[in-house]
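Novice: I'd like to ask you about the structure that follows.
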Amino acid sequence: MGLHDEAKNILYNGFEEIMDNYNQTALLLNSCEKAVTYYHSKTSRVAVDTTANIPSEFKLESDIGTVFAKKQLIEQYERRLALKLAKDYLVTTIATLDGLMEELYELVLTHQEPDKTEEQIKRMIRWGETGVPGDLINRLPLLETHSNPKGFMLEDFFNTYEHLRQIRHATVHTKGQLRKRHLSKMQSLEEKMNEKQRESVQQFYAEDKVVLSSLTTFVLRHWCLTFISFLTVAIREATEE
């Protein structure tokens, strides 16, 4: 199987994983909406104990159950759970893209350096100018010159990608607090973007705080699927005889 066909399979699997993640997220968001409507309609007293369904053998002697009343349930489903879903979607989606890009880079290395062992190839996989995206572009230079019908090029996608990776890093490691290093990197990336790109990424933060919601989930889904479509066409062109 040629490089393009193998790359196409990697991209298709990535597309499927991202779509599956979105579909599950969308169903959970729908469940939250249904729950909010249900609890708003309840006129009688209602309470949910989060430990009620835990089998007795898995409960601790000192377990303290959390009980949510109607007002608290509405708050959880309407705001806090929606935020958790947006966080989970962001983290999982960027992790999927990271894995996809590393797989593509490994594939190119394997085809272009057949004398290297699998272990040697694995040690070459890294992020940056000596790995993804720098070395990947050097090895498939047509990736750099390809543009989609809207005029976006690989550099444009990677600027957004790296911006989103800063958002993901802050979400996971600093509880959504954007440090100076995050903001400095994001600002330098935004300077390379057109107005539409800047408006898109700026929806993910305000001042020095990450801001996630159902809207950012929809924005991220749209960008990811557009990015994968771009890569599919660009790699086909870059690997054609």
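In the structure tokens, each chain is lettered A, B, ... as it comes, each chain's residues begin at 1, and ligands are numbered from 1 in order of appearance.
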Per DSSP on the backbone, what are the alpha helix (DSSP H) residues of segment 2-229 of chain A, as an MDAnalysis selection string?
Specialist: chainID A and resid 3:41 70:75 81:112 118:124 134:139 142:145 154:173 180:190 195:201 214:229
Novice: Would you kindly return, as a count of residues only, each protein, DNA or RNA residue with an atom no farther than 12 Å from any atom of segment 26-35 of chain A, considering only C-alpha atoms and excluding same-chain residues fewer than 3 positions away?
Specialist: 33
Novice: Which polymer residues have any atom within 12 Å of an atom of Asn9 of chain A, counting only C-alpha atoms, with same-chain residues fewer than 2 positions away left out, as a list in words?
Specialist: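 Neighbouring residues, sequence-local ones excluded: Met1, Gly2, Leu3, His4, Asp5, Glu6, Ala7, Leu11, Tyr12, Asn13, Gly14, Phe15, Glu16, Leu100, Glu103, Leu104, Leu107, Ile228, Thr232, Ile235 and Arg236 of chain A.
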Novice: Excluding segment 126-140 of chain A and residues on its chain fewer than 5 positions from it, collect all residues at most 12 Å away from it, counting only C-alpha atoms, and give them as a VMD selection string.
Specialist: chain A and resid 3 to 4 97 to 113 121 145 to 146 154 to 155 157 to 159 161 to 162 165 231 234 to 240
Novice: Which polymer residues have any atom within 12 Å of an atom of segment 186-188 of chain A, counting only C-alpha atoms, with same-chain residues fewer than 2 positions away left out, as a PyMOL selection string?
Specialist: chain A and resi 159-167+170+178-184+190-193+198+201-202+204-205+207-208
Novice: Would you save the residues from that selection as a short mmCIF file (atom, residue, chain, number, x, y, z; two decimals), in the first residue's frame, using N, CA, C and O atoms?
Specialist:
data_model
loop_
_atom_site.label_atom_id
_atom_site.label_comp_id
_atom_site.auth_asym_id
_atom_site.auth_seq_id
_atom_site.Cartn_x
_atom_site.Cartn_y
_atom_site.Cartn_z
N ASN A 159 -1.45 27.39 12.76
CA ASN A 159 -1.53 28.52 13.69
C ASN A 159 -2.73 28.36 14.62
O ASN A 159 -2.63 28.55 15.84
N THR A 160 -3.87 27.99 14.04
CA THR A 160 -5.06 27.74 14.86
C THR A 160 -4.86 26.53 15.76
O THR A 160 -5.23 26.55 16.94
N TYR A 161 -4.26 25.49 15.20
CA TYR A 161 -4.01 24.25 15.94
C TYR A 161 -3.16 24.52 17.17
O TYR A 161 -3.49 24.12 18.29
N GLU A 162 -2.05 25.24 16.99
CA GLU A 162 -1.16 25.53 18.11
C GLU A 162 -1.86 26.43 19.14
O GLU A 162 -1.65 26.29 20.35
N HIS A 163 -2.69 27.32 18.67
CA HIS A 163 -3.48 28.18 19.57
C HIS A 163 -4.39 27.31 20.43
O HIS A 163 -4.48 27.49 21.66
N LEU A 164 -5.07 26.37 19.82
CA LEU A 164 -5.97 25.47 20.54
C LEU A 164 -5.20 24.56 21.50
O LEU A 164 -5.71 24.21 22.57
N ARG A 165 -3.97 24.21 21.15
CA ARG A 165 -3.15 23.40 22.05
C ARG A 165 -2.78 24.19 23.31
O ARG A 165 -2.64 23.63 24.39
N GLN A 166 -2.62 25.50 23.18
CA GLN A 166 -2.37 26.34 24.35
C GLN A 166 -3.61 26.36 25.25
O GLN A 166 -3.49 26.28 26.48
N ILE A 167 -4.78 26.46 24.63
CA ILE A 167 -6.04 26.43 25.38
C ILE A 167 -6.18 25.09 26.09
O ILE A 167 -6.56 25.03 27.28
N ALA A 170 -3.74 24.83 29.14
CA ALA A 170 -4.22 25.59 30.29
C ALA A 170 -5.43 24.92 30.94
O ALA A 170 -5.57 24.91 32.17
N LEU A 178 -4.77 31.08 32.02
CA LEU A 178 -3.76 31.26 30.99
C LEU A 178 -2.56 32.01 31.56
O LEU A 178 -2.67 33.16 31.99
N ARG A 179 -1.42 31.34 31.58
CA ARG A 179 -0.20 31.96 32.09
C ARG A 179 0.38 32.90 31.03
O ARG A 179 -0.05 32.92 29.87
N LYS A 180 1.41 33.63 31.43
CA LYS A 180 2.05 34.57 30.50
C LYS A 180 2.58 33.84 29.27
O LYS A 180 2.51 34.37 28.16
N ARG A 181 3.13 32.63 29.48
CA ARG A 181 3.69 31.89 28.35
C ARG A 181 2.60 31.48 27.36
O ARG A 181 2.82 31.47 26.16
N HIS A 182 1.41 31.15 27.89
CA HIS A 182 0.29 30.82 27.01
C HIS A 182 -0.12 32.05 26.19
O HIS A 182 -0.24 32.00 24.97
N LEU A 183 -0.33 33.15 26.91
CA LEU A 183 -0.82 34.37 26.27
C LEU A 183 0.18 34.93 25.27
O LEU A 183 -0.21 35.43 24.20
N SER A 184 1.47 34.84 25.60
CA SER A 184 2.50 35.33 24.67
C SER A 184 2.48 34.52 23.38
O SER A 184 2.53 35.10 22.27
N GLU A 190 -1.90 34.88 16.83
CA GLU A 190 -3.01 35.71 16.35
C GLU A 190 -2.53 36.79 15.40
O GLU A 190 -3.26 37.21 14.49
N GLU A 191 -1.30 37.25 15.60
CA GLU A 191 -0.74 38.26 14.70
C GLU A 191 -0.57 37.73 13.27
O GLU A 191 -0.51 38.52 12.31
N LYS A 192 -0.52 36.43 13.12
CA LYS A 192 -0.36 35.81 11.80
C LYS A 192 -1.71 35.48 11.16
O LYS A 192 -1.74 35.03 10.01
N MET A 193 -2.79 35.67 11.90
CA MET A 193 -4.11 35.26 11.42
C MET A 193 -4.86 36.41 10.78
O MET A 193 -4.62 37.58 11.11
N ARG A 198 -8.85 35.06 13.84
CA ARG A 198 -8.70 35.62 15.19
C ARG A 198 -10.01 35.57 15.96
O ARG A 198 -10.06 35.21 17.13
N VAL A 201 -10.66 31.88 17.20
CA VAL A 201 -9.89 31.38 18.35
C VAL A 201 -10.16 32.20 19.61
O VAL A 201 -10.06 31.68 20.74
N GLN A 202 -10.51 33.47 19.44
CA GLN A 202 -10.74 34.32 20.62
C GLN A 202 -12.04 33.97 21.34
O GLN A 202 -12.27 34.45 22.46
N PHE A 204 -12.44 31.16 22.57
CA PHE A 204 -12.04 30.17 23.56
C PHE A 204 -11.44 30.77 24.84
O PHE A 204 -11.09 30.02 25.75
N TYR A 205 -11.32 32.09 24.90
CA TYR A 205 -10.78 32.69 26.12
C TYR A 205 -11.21 34.14 26.24
O TYR A 205 -11.63 34.78 25.27
N GLU A 207 -9.57 37.54 28.37
CA GLU A 207 -8.45 38.02 29.19
C GLU A 207 -7.50 36.87 29.47
O GLU A 207 -6.90 36.33 28.55
N ASP A 208 -7.37 36.44 30.73
CA ASP A 208 -6.42 35.36 31.03
C ASP A 208 -7.12 34.08 31.48
O ASP A 208 -6.54 33.24 32.18
#
Novice: What does the distance between atom CA of Ile125 of chain A and atom CA of Lys175 of chain A come to in Å, to one decimal place?
Specialist: 28.4 Å
Novice: Using DSSP assignments from the backbone, pull out every residue in segment 30-217 of chain A that falls under strand (DSSP E or B) and give it to me as a list in words.
Specialist: Ala47, Val48, Asp49, Val67, Phe68, Ala69, Trp127, Gly128, Val132, Pro133, Ser147, Met153, Gln177, Tyr205, Ala206, Lys209 and Val210 of chain A
Novice: Could you write out the selected residues, including C-alpha atoms, as a CSV table (one decimal), in the first residue's frame?
Specialist:
chain,number,residue,atom,x,y,z
A,47,ALA,CA,-33.7,15.1,45.1
A,48,VAL,CA,-30.9,13.0,43.6
A,49,ASP,CA,-28.2,11.2,45.7
A,67,VAL,CA,-27.7,15.1,47.4
A,68,PHE,CA,-28.9,17.6,44.8
A,69,ALA,CA,-32.2,19.3,45.2
A,127,TRP,CA,6.7,18.3,18.0
A,128,GLY,CA,8.5,21.3,16.7
A,132,VAL,CA,5.7,17.9,13.6
A,133,PRO,CA,5.0,20.2,11.7
A,147,SER,CA,-4.5,25.8,-0.3
A,153,MET,CA,-3.0,27.1,3.7
A,177,GLN,CA,-5.8,30.0,33.9
A,205,TYR,CA,-10.8,32.7,26.1
A,206,ALA,CA,-11.4,36.1,27.8
A,209,LYS,CA,-9.1,32.7,31.4
A,210,VAL,CA,-10.2,29.8,29.2
Novice: If you measure from atom CA of Glu17 of chain A to atom CA of Leu90 of chain A, what distance in Å do you get, rounded to one decimal?
Specialist: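 Going from atom CA of Glu17 of chain A over to atom CA of Leu90 of chain A covers 13.3 Å.
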